[in-house]
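Comments concern the structure below.
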Protein chains: 2
Amino acid sequence: MDRLLSLATMYELFFQKFNEKVPLTPEEQEQIKAYLTPKKLRKRQYLLQEGDICKSIAFVEKGALRAYTVDENMNEHVIQFAIEGWTISDLFSYLTAEPATYNIDALEDAELVLITRSAHEEFLKNLPKYETYIRLLITGAYIALQRRLTSNLSLLAEERYTSFTETYPDIAQRVPQHMIASYMGLTPETLSRVRKKMADRR
Amino acid sequence: MDRLLSLATMYELFFQKFNEKVPLTPEEQEQIKAYLTPKKLRKRQYLLQEGDICKSIAFVEKGALRAYTVDENMNEHVIQFAIEGWTISDLFSYLTAEPATYNIDALEDAELVLITRSAHEEFLKNLPKYETYIRLLITGAYIALQRRLTSNLSLLAEERYTSFTETYPDIAQRVPQHMIASYMGLTPETLSRVRKKMADRR
DNA sequence: AAAGAGCCTTGACTTTTGTCAAGTAAAGGA
DNA sequence: TCCTTTACTTGACAAAAGTCAAGGCTCTTT
């Protein structure tokens, strides 16, 4: 495969999303590619386990992942989902090199593009566009998180669920219901009843 | 007042926090100062009203502010507090120039340092350290927000309140209880009862 | 000093959501 | 293919938080 073709096909989605935020020259893309790490994950495999140091930010080229915590009673709390085009990490652990408080695993077989910490530092030092990319990425994540929090504070279970399925129809279809319940701060039973009530009404 | 003295006293806290994130030379500080806008706000005055375009990020030198929404039933939902050393804005409106969904007002007489959008753009273009500052600022805000969300999803009212007063003892003392209740997604009555129960136990 | 507004508390009651337990269906591994 | 595990549902009951209403306290403002 020649280099131009590989440029067009490898990390395709990653660079598409990057270019939407910050346009890159082909040279810059090659420069970045040299530091990226591809990784495949089988369903149920961990990308990160609580207590480990989070060594990379993961961009999802294909598949689906989730970040979650496990509390004293062994209850899982889903913090975040990520499917194609999205990014997932334990940012706090990644940036501070403290042990992770999240687990991250694959809900489907997945192909990832990893930005390791050394790549991250390399880019921040030598490629101003990368800092812009990261800034915009985190800004978007911050705004989305603020919306999620607001909806959790002010809406009932059914309204939250409706809003979730409208905002993320693809995730709602691909992910087990009990994880969506957890993501919204509900028990599986409650979500099941909410859905039944909605179905009974139509 | 000579220039060096004024440098040391004006916007003091703003530059202290900035330097903690990204060290600046005196020249850079002067360059930034030239674009900053000071603003005083009396208690109850608005910095931003829902529907307006958010024109600045506000750093709090003195006083206390809150961001909040008002729903159909005229219930207020507190999104964020900011006291000395913290920053507050409707980031979505600021960045997209869409109408704000938040109100921001002063809970105490306040002194602010405003970064207007034109200053923001000027800095991003000509001062790489500013982009780093903003990136670190938002990253910190993102991580804090994720913690808040997690605690809302997995903790009971009393645990959330305890965690809040431990994390932000200063805010807990300066801000009316019903706003703290709202910040945690509780009614004033519920928070009042939670506090009574805690007091009765000791 | 009086009037009003805002804030906090308390009680009685309702609604929402969680817990526990059981059962069925579907998916995945040996 | 069978067998185990996992996911989802449903019912009965419990706990948490919300609603409505009233009263008292404190702070402004006049």
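By order in the structure tokens, chains are A, B, ...; within a chain, residues start at 1; ligands start at 1, following the order shown.
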- For chain C, report every residue with an atom at most 9 Å from chain B (counting only C-alpha atoms (C1' of nucleotides)), formatted as JSON, numbers by chain. {"C": [7, 8, 9, 10]}
Expected answer as a tab-separated table (two decimals) with N, CA and C atoms, in the first residue's frame: alpha helix (DSSP H) residues in range 19-192 of chain A:
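So the final result, stored in part_25.tsv, reads:
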```
chain	number	residue	atom	x	y	z
A	19	ASN	N	-9.56	17.32	11.52
A	19	ASN	CA	-9.63	18.38	10.52
A	19	ASN	C	-10.87	19.25	10.65
A	20	GLU	N	-11.97	18.65	11.14
A	20	GLU	CA	-13.17	19.46	11.36
A	20	GLU	C	-12.90	20.53	12.41
A	21	LYS	N	-12.07	20.21	13.38
A	21	LYS	CA	-11.77	21.17	14.44
A	21	LYS	C	-10.62	22.09	14.03
A	26	PRO	N	-1.19	17.77	4.86
A	26	PRO	CA	-0.79	16.36	4.79
A	26	PRO	C	0.49	16.10	5.56
A	27	GLU	N	1.42	17.04	5.54
A	27	GLU	CA	2.67	16.84	6.28
A	27	GLU	C	2.40	16.75	7.78
A	28	GLU	N	1.54	17.64	8.25
A	28	GLU	CA	1.22	17.61	9.68
A	28	GLU	C	0.55	16.27	10.05
A	29	GLN	N	-0.30	15.80	9.15
A	29	GLN	CA	-0.95	14.52	9.43
A	29	GLN	C	0.08	13.40	9.56
A	30	GLU	N	1.03	13.40	8.66
A	30	GLU	CA	2.07	12.37	8.72
A	30	GLU	C	2.86	12.49	10.03
A	31	GLN	N	3.15	13.72	10.38
A	31	GLN	CA	3.90	13.97	11.61
A	31	GLN	C	3.14	13.43	12.83
A	32	ILE	N	1.84	13.65	12.83
A	32	ILE	CA	1.03	13.16	13.94
A	32	ILE	C	0.95	11.63	13.92
A	33	LYS	N	0.69	11.11	12.72
A	33	LYS	CA	0.53	9.66	12.59
A	33	LYS	C	1.71	8.89	13.18
A	91	LEU	N	-9.38	11.21	32.23
A	91	LEU	CA	-8.56	12.40	31.99
A	91	LEU	C	-7.76	12.79	33.22
A	92	PHE	N	-8.37	12.66	34.38
A	92	PHE	CA	-7.67	13.05	35.60
A	92	PHE	C	-6.42	12.19	35.79
A	93	SER	N	-6.60	10.88	35.65
A	93	SER	CA	-5.47	9.98	35.80
A	93	SER	C	-4.42	10.23	34.71
A	94	TYR	N	-4.90	10.47	33.51
A	94	TYR	CA	-4.00	10.70	32.37
A	94	TYR	C	-3.12	11.92	32.59
A	95	LEU	N	-3.73	12.97	33.12
A	95	LEU	CA	-3.00	14.23	33.23
A	95	LEU	C	-2.15	14.30	34.49
A	96	THR	N	-2.56	13.62	35.54
A	96	THR	CA	-1.83	13.72	36.80
A	96	THR	C	-0.97	12.50	37.07
A	117	ARG	N	0.71	9.38	26.60
A	117	ARG	CA	1.12	10.62	27.24
A	117	ARG	C	2.35	11.21	26.56
A	118	SER	N	3.29	10.35	26.15
A	118	SER	CA	4.50	10.91	25.52
A	118	SER	C	4.16	11.54	24.18
A	119	ALA	N	3.22	10.94	23.44
A	119	ALA	CA	2.78	11.57	22.19
A	119	ALA	C	2.11	12.90	22.49
A	120	HIS	N	1.27	12.91	23.50
A	120	HIS	CA	0.56	14.11	23.92
A	120	HIS	C	1.55	15.23	24.22
A	121	GLU	N	2.59	14.90	24.98
A	121	GLU	CA	3.56	15.93	25.36
A	121	GLU	C	4.37	16.39	24.16
A	122	GLU	N	4.74	15.43	23.33
A	122	GLU	CA	5.44	15.75	22.09
A	122	GLU	C	4.62	16.74	21.25
A	123	PHE	N	3.35	16.43	21.07
A	123	PHE	CA	2.47	17.28	20.26
A	123	PHE	C	2.30	18.66	20.88
A	124	LEU	N	2.09	18.69	22.18
A	124	LEU	CA	1.89	19.98	22.84
A	124	LEU	C	3.12	20.87	22.66
A	125	LYS	N	4.30	20.23	22.66
A	125	LYS	CA	5.53	20.99	22.55
A	125	LYS	C	5.75	21.50	21.12
A	126	ASN	N	5.48	20.65	20.15
A	126	ASN	CA	5.93	20.94	18.78
A	126	ASN	C	4.84	21.20	17.76
A	128	PRO	N	1.43	23.37	17.62
A	128	PRO	CA	0.41	24.23	18.24
A	128	PRO	C	-1.02	23.82	17.87
A	129	LYS	N	-1.22	23.30	16.68
A	129	LYS	CA	-2.57	22.92	16.28
A	129	LYS	C	-3.12	21.81	17.17
A	130	TYR	N	-2.22	20.99	17.71
A	130	TYR	CA	-2.69	19.92	18.59
A	130	TYR	C	-3.28	20.50	19.88
A	131	GLU	N	-2.62	21.50	20.42
A	131	GLU	CA	-3.18	22.11	21.62
A	131	GLU	C	-4.57	22.69	21.33
A	132	THR	N	-4.72	23.29	20.17
A	132	THR	CA	-6.04	23.80	19.80
A	132	THR	C	-7.05	22.68	19.69
A	133	TYR	N	-6.64	21.59	19.07
A	133	TYR	CA	-7.52	20.42	18.95
A	133	TYR	C	-7.98	19.94	20.33
A	134	ILE	N	-7.04	19.76	21.21
A	134	ILE	CA	-7.37	19.29	22.56
A	134	ILE	C	-8.25	20.29	23.29
A	135	ARG	N	-7.93	21.55	23.14
A	135	ARG	CA	-8.75	22.58	23.80
A	135	ARG	C	-10.19	22.49	23.32
A	136	LEU	N	-10.38	22.38	22.02
A	136	LEU	CA	-11.74	22.32	21.48
A	136	LEU	C	-12.43	21.02	21.89
A	137	LEU	N	-11.67	19.94	21.91
A	137	LEU	CA	-12.22	18.65	22.31
A	137	LEU	C	-12.75	18.71	23.74
A	138	ILE	N	-11.94	19.23	24.62
A	138	ILE	CA	-12.34	19.28	26.03
A	138	ILE	C	-13.45	20.29	26.24
A	139	THR	N	-13.40	21.40	25.52
A	139	THR	CA	-14.48	22.38	25.63
A	139	THR	C	-15.81	21.75	25.26
A	140	GLY	N	-15.82	21.01	24.16
A	140	GLY	CA	-17.05	20.33	23.74
A	140	GLY	C	-17.52	19.34	24.78
A	141	ALA	N	-16.58	18.59	25.34
A	141	ALA	CA	-16.92	17.61	26.37
A	141	ALA	C	-17.48	18.31	27.61
A	142	TYR	N	-16.91	19.44	27.93
A	142	TYR	CA	-17.36	20.19	29.10
A	142	TYR	C	-18.80	20.67	28.92
A	143	ILE	N	-19.08	21.22	27.75
A	143	ILE	CA	-20.43	21.72	27.49
A	143	ILE	C	-21.45	20.58	27.49
A	144	ALA	N	-21.08	19.45	26.90
A	144	ALA	CA	-21.99	18.29	26.88
A	144	ALA	C	-22.24	17.80	28.31
A	145	LEU	N	-21.19	17.80	29.11
A	145	LEU	CA	-21.31	17.32	30.48
A	145	LEU	C	-22.21	18.25	31.29
A	146	GLN	N	-22.10	19.53	31.05
A	146	GLN	CA	-22.93	20.49	31.75
A	146	GLN	C	-24.41	20.26	31.40
A	147	ARG	N	-24.68	19.96	30.15
A	147	ARG	CA	-26.05	19.66	29.75
A	147	ARG	C	-26.56	18.41	30.46
A	148	ARG	N	-25.71	17.40	30.51
A	148	ARG	CA	-26.12	16.16	31.15
A	148	ARG	C	-26.42	16.39	32.62
A	149	LEU	N	-25.56	17.15	33.26
A	149	LEU	CA	-25.77	17.44	34.68
A	149	LEU	C	-27.08	18.19	34.88
A	150	THR	N	-27.32	19.21	34.08
A	150	THR	CA	-28.55	19.99	34.20
A	150	THR	C	-29.77	19.10	34.04
A	151	SER	N	-29.70	18.19	33.08
A	151	SER	CA	-30.86	17.34	32.85
A	151	SER	C	-31.05	16.38	34.02
A	152	ASN	N	-29.96	15.94	34.62
A	152	ASN	CA	-30.07	15.09	35.80
A	152	ASN	C	-30.65	15.83	37.00
A	153	LEU	N	-30.31	17.12	37.10
A	153	LEU	CA	-30.78	17.87	38.26
A	153	LEU	C	-32.24	18.25	38.14
A	154	SER	N	-32.72	18.44	36.91
A	154	SER	CA	-34.03	19.08	36.80
A	154	SER	C	-35.10	18.23	36.12
A	157	ALA	N	-37.12	10.84	35.52
A	157	ALA	CA	-36.52	9.70	34.83
A	157	ALA	C	-36.99	9.62	33.37
A	158	GLU	N	-38.29	9.71	33.16
A	158	GLU	CA	-38.80	9.56	31.80
A	158	GLU	C	-38.31	10.66	30.87
A	159	GLU	N	-38.28	11.88	31.36
A	159	GLU	CA	-37.80	12.99	30.52
A	159	GLU	C	-36.31	12.82	30.19
A	160	ARG	N	-35.56	12.38	31.19
A	160	ARG	CA	-34.14	12.16	30.93
A	160	ARG	C	-33.94	11.08	29.87
A	161	TYR	N	-34.72	10.02	29.99
A	161	TYR	CA	-34.57	8.92	29.04
A	161	TYR	C	-34.95	9.36	27.63
A	162	THR	N	-36.05	10.08	27.52
A	162	THR	CA	-36.46	10.59	26.21
A	162	THR	C	-35.36	11.47	25.62
A	163	SER	N	-34.86	12.37	26.44
A	163	SER	CA	-33.81	13.26	25.96
A	163	SER	C	-32.56	12.47	25.56
A	164	PHE	N	-32.27	11.43	26.32
A	164	PHE	CA	-31.09	10.61	25.98
A	164	PHE	C	-31.26	9.91	24.64
A	165	THR	N	-32.40	9.28	24.44
A	165	THR	CA	-32.60	8.53	23.19
A	165	THR	C	-32.65	9.48	21.99
A	166	GLU	N	-33.11	10.71	22.22
A	166	GLU	CA	-33.12	11.67	21.11
A	166	GLU	C	-31.73	12.19	20.80
A	167	THR	N	-30.95	12.40	21.86
A	167	THR	CA	-29.60	12.94	21.66
A	167	THR	C	-28.64	11.87	21.14
A	169	PRO	N	-29.36	8.43	19.68
A	169	PRO	CA	-30.17	7.28	19.25
A	169	PRO	C	-29.31	6.04	18.96
A	170	ASP	N	-28.12	6.26	18.42
A	170	ASP	CA	-27.23	5.15	18.09
A	170	ASP	C	-26.77	4.41	19.34
A	171	ILE	N	-26.40	5.16	20.36
A	171	ILE	CA	-25.97	4.52	21.60
A	171	ILE	C	-27.14	3.78	22.24
A	172	ALA	N	-28.30	4.41	22.25
A	172	ALA	CA	-29.48	3.80	22.86
A	172	ALA	C	-29.78	2.44	22.24
A	173	GLN	N	-29.45	2.27	20.97
A	173	GLN	CA	-29.74	1.00	20.31
A	173	GLN	C	-28.66	-0.05	20.53
A	174	ARG	N	-27.42	0.39	20.67
A	174	ARG	CA	-26.31	-0.57	20.70
A	174	ARG	C	-25.94	-1.04	22.09
A	177	GLN	N	-29.59	-2.06	28.04
A	177	GLN	CA	-30.45	-1.14	28.78
A	177	GLN	C	-29.97	-0.83	30.19
A	178	HIS	N	-29.47	-1.84	30.87
A	178	HIS	CA	-29.11	-1.58	32.26
A	178	HIS	C	-27.94	-0.62	32.37
A	179	MET	N	-27.12	-0.54	31.30
A	179	MET	CA	-26.03	0.44	31.32
A	179	MET	C	-26.54	1.85	31.06
A	180	ILE	N	-27.55	1.93	30.23
A	180	ILE	CA	-28.15	3.24	30.00
A	180	ILE	C	-28.84	3.72	31.27
A	181	ALA	N	-29.51	2.79	31.94
A	181	ALA	CA	-30.13	3.13	33.23
A	181	ALA	C	-29.07	3.71	34.17
A	182	SER	N	-27.96	3.00	34.28
A	182	SER	CA	-26.89	3.44	35.16
A	182	SER	C	-26.35	4.82	34.76
A	183	TYR	N	-26.19	5.01	33.47
A	183	TYR	CA	-25.70	6.30	32.95
A	183	TYR	C	-26.62	7.44	33.37
A	188	PRO	N	-32.02	-0.58	36.79
A	188	PRO	CA	-32.56	-1.25	35.60
A	188	PRO	C	-34.08	-1.40	35.71
A	189	GLU	N	-34.58	-1.73	36.90
A	189	GLU	CA	-36.01	-1.90	37.10
A	189	GLU	C	-36.76	-0.61	36.78
A	190	THR	N	-36.26	0.49	37.28
A	190	THR	CA	-36.95	1.76	37.03
A	190	THR	C	-36.99	2.08	35.54
A	191	LEU	N	-35.86	1.89	34.86
A	191	LEU	CA	-35.87	2.19	33.42
A	191	LEU	C	-36.83	1.27	32.69
A	192	SER	N	-36.85	0.02	33.09
A	192	SER	CA	-37.76	-0.93	32.45
A	192	SER	C	-39.21	-0.45	32.60
```
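With only C-alpha atoms as the atoms that count, the residue of B:Gln49, B:Thr116, B:Ser56, B:Asn73 with the shortest distance to chain A is B:Asn73.
In this model, the gap between CA of Val22 in chain A and CA of Ile57 in chain B comes to 22.9 Å.
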What residues in chain D lie within 9 Å of chain A, counting only C-alpha atoms (C1' of nucleotides), written as a CSV table (one decimal) with N, CA, C and O atoms (P, O5', C5', C4', C3', O3' and C1' of nucleotides), in the first residue's frame?
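result.csv, written as the output of this step:
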```csv
chain,number,residue,atom,x,y,z
D,7,DA,P,-25.5,-8.3,31.4
D,7,DA,O5',-27.0,-8.4,30.8
D,7,DA,C5',-27.2,-8.6,29.4
D,7,DA,C4',-28.7,-8.5,29.1
D,7,DA,C3',-29.3,-7.3,29.6
D,7,DA,O3',-30.1,-6.7,28.6
D,7,DA,C1',-30.4,-9.2,30.4
D,8,DC,P,-30.8,-5.3,28.8
D,8,DC,O5',-32.2,-5.7,29.2
D,8,DC,C5',-33.1,-6.3,28.3
D,8,DC,C4',-34.3,-6.8,29.0
D,8,DC,C3',-35.1,-5.7,29.7
D,8,DC,O3',-36.3,-5.5,28.9
D,8,DC,C1',-34.9,-7.8,31.0
D,9,DT,P,-37.4,-4.6,29.5
D,9,DT,O5',-38.3,-5.5,30.4
D,9,DT,C5',-38.9,-6.6,29.9
D,9,DT,C4',-39.7,-7.3,30.9
D,9,DT,C3',-40.8,-6.5,31.7
D,9,DT,O3',-42.0,-7.0,31.4
D,9,DT,C1',-39.5,-7.8,33.2
D,10,DT,P,-43.4,-6.2,31.7
D,10,DT,O5',-43.8,-6.6,33.1
D,10,DT,C5',-44.0,-8.0,33.4
D,10,DT,C4',-44.1,-8.2,34.9
D,10,DT,C3',-44.9,-7.1,35.6
D,10,DT,O3',-46.1,-7.8,36.1
D,10,DT,C1',-43.0,-7.7,36.8
```
For DT29 in chain D: contacts at 10 Å, only C-alpha atoms (C1' of nucleotides), fewer than 2 positions along chain excluded, given as an mmCIF file with all heavy atoms, in the first residue's frame:
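The file below, part-v4.cif, is the result:
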```cif
data_model
loop_
_atom_site.group_PDB
_atom_site.id
_atom_site.type_symbol
_atom_site.label_atom_id
_atom_site.label_comp_id
_atom_site.auth_asym_id
_atom_site.auth_seq_id
_atom_site.Cartn_x
_atom_site.Cartn_y
_atom_site.Cartn_z
ATOM 1 P P DA C 3 -47.377 48.137 60.338
ATOM 2 O OP1 DA C 3 -48.731 48.662 60.059
ATOM 3 O OP2 DA C 3 -47.170 46.982 61.241
ATOM 4 O "O5'" DA C 3 -46.674 47.818 58.947
ATOM 5 C "C5'" DA C 3 -46.382 48.894 58.049
ATOM 6 C "C4'" DA C 3 -45.778 48.303 56.799
ATOM 7 O "O4'" DA C 3 -44.375 48.034 57.024
ATOM 8 C "C3'" DA C 3 -46.417 46.980 56.369
ATOM 9 O "O3'" DA C 3 -46.637 47.023 54.977
ATOM 10 C "C2'" DA C 3 -45.413 45.917 56.798
ATOM 11 C "C1'" DA C 3 -44.090 46.683 56.722
ATOM 12 N N9 DA C 3 -43.062 46.249 57.673
ATOM 13 C C8 DA C 3 -43.240 45.823 58.968
ATOM 14 N N7 DA C 3 -42.122 45.517 59.579
ATOM 15 C C5 DA C 3 -41.146 45.762 58.628
ATOM 16 C C6 DA C 3 -39.742 45.624 58.659
ATOM 17 N N6 DA C 3 -39.070 45.212 59.720
ATOM 18 N N1 DA C 3 -39.071 45.943 57.539
ATOM 19 C C2 DA C 3 -39.750 46.364 56.468
ATOM 20 N N3 DA C 3 -41.066 46.536 56.319
ATOM 21 C C4 DA C 3 -41.711 46.208 57.448
ATOM 22 P P DG C 4 -47.307 45.766 54.188
ATOM 23 O OP1 DG C 4 -48.170 46.333 53.146
ATOM 24 O OP2 DG C 4 -47.811 44.806 55.187
ATOM 25 O "O5'" DG C 4 -46.037 45.116 53.478
ATOM 26 C "C5'" DG C 4 -45.111 45.980 52.806
ATOM 27 C "C4'" DG C 4 -43.906 45.180 52.368
ATOM 28 O "O4'" DG C 4 -43.039 44.938 53.498
ATOM 29 C "C3'" DG C 4 -44.256 43.805 51.786
ATOM 30 O "O3'" DG C 4 -43.592 43.691 50.549
ATOM 31 C "C2'" DG C 4 -43.735 42.808 52.825
ATOM 32 C "C1'" DG C 4 -42.611 43.584 53.480
ATOM 33 N N9 DG C 4 -42.332 43.228 54.866
ATOM 34 C C8 DG C 4 -43.239 43.008 55.880
ATOM 35 N N7 DG C 4 -42.673 42.718 57.024
ATOM 36 C C5 DG C 4 -41.313 42.751 56.749
ATOM 37 C C6 DG C 4 -40.209 42.518 57.599
ATOM 38 O O6 DG C 4 -40.206 42.237 58.793
ATOM 39 N N1 DG C 4 -39.001 42.651 56.916
ATOM 40 C C2 DG C 4 -38.879 42.970 55.584
ATOM 41 N N2 DG C 4 -37.651 43.054 55.097
ATOM 42 N N3 DG C 4 -39.913 43.191 54.776
ATOM 43 C C4 DG C 4 -41.090 43.061 55.428
ATOM 44 P P DA C 5 -43.947 42.479 49.550
ATOM 45 O OP1 DA C 5 -44.325 43.093 48.264
ATOM 46 O OP2 DA C 5 -44.826 41.493 50.221
ATOM 47 O "O5'" DA C 5 -42.506 41.827 49.377
ATOM 48 C "C5'" DA C 5 -41.350 42.673 49.327
ATOM 49 C "C4'" DA C 5 -40.119 41.838 49.658
ATOM 50 O "O4'" DA C 5 -40.028 41.676 51.090
ATOM 51 C "C3'" DA C 5 -40.185 40.431 49.057
ATOM 52 O "O3'" DA C 5 -39.044 40.230 48.263
ATOM 53 C "C2'" DA C 5 -40.248 39.490 50.261
ATOM 54 C "C1'" DA C 5 -39.696 40.343 51.391
ATOM 55 N N9 DA C 5 -40.298 40.053 52.695
ATOM 56 C C8 DA C 5 -41.625 39.936 52.998
ATOM 57 N N7 DA C 5 -41.867 39.678 54.258
ATOM 58 C C5 DA C 5 -40.604 39.617 54.822
ATOM 59 C C6 DA C 5 -40.166 39.384 56.145
ATOM 60 N N6 DA C 5 -41.006 39.167 57.160
ATOM 61 N N1 DA C 5 -38.835 39.392 56.368
ATOM 62 C C2 DA C 5 -38.006 39.617 55.349
ATOM 63 N N3 DA C 5 -38.294 39.858 54.061
ATOM 64 C C4 DA C 5 -39.623 39.850 53.877
ATOM 65 P P DC D 27 -29.988 39.370 60.528
ATOM 66 O OP1 DC D 27 -28.720 38.643 60.702
ATOM 67 O OP2 DC D 27 -30.451 40.355 61.533
ATOM 68 O "O5'" DC D 27 -29.959 40.113 59.111
ATOM 69 C "C5'" DC D 27 -30.630 39.499 58.074
ATOM 70 C "C4'" DC D 27 -31.074 40.418 56.985
ATOM 71 O "O4'" DC D 27 -32.511 40.540 57.052
ATOM 72 C "C3'" DC D 27 -30.529 41.846 56.993
ATOM 73 O "O3'" DC D 27 -30.173 42.153 55.662
ATOM 74 C "C2'" DC D 27 -31.705 42.688 57.487
ATOM 75 C "C1'" DC D 27 -32.897 41.887 56.994
ATOM 76 N N1 DC D 27 -34.138 41.995 57.835
ATOM 77 C C2 DC D 27 -35.378 42.170 57.207
ATOM 78 O O2 DC D 27 -35.417 42.252 55.974
ATOM 79 N N3 DC D 27 -36.504 42.249 57.973
ATOM 80 C C4 DC D 27 -36.424 42.157 59.299
ATOM 81 N N4 DC D 27 -37.559 42.235 59.997
ATOM 82 C C5 DC D 27 -35.173 41.969 59.950
ATOM 83 C C6 DC D 27 -34.063 41.898 59.201
#
```
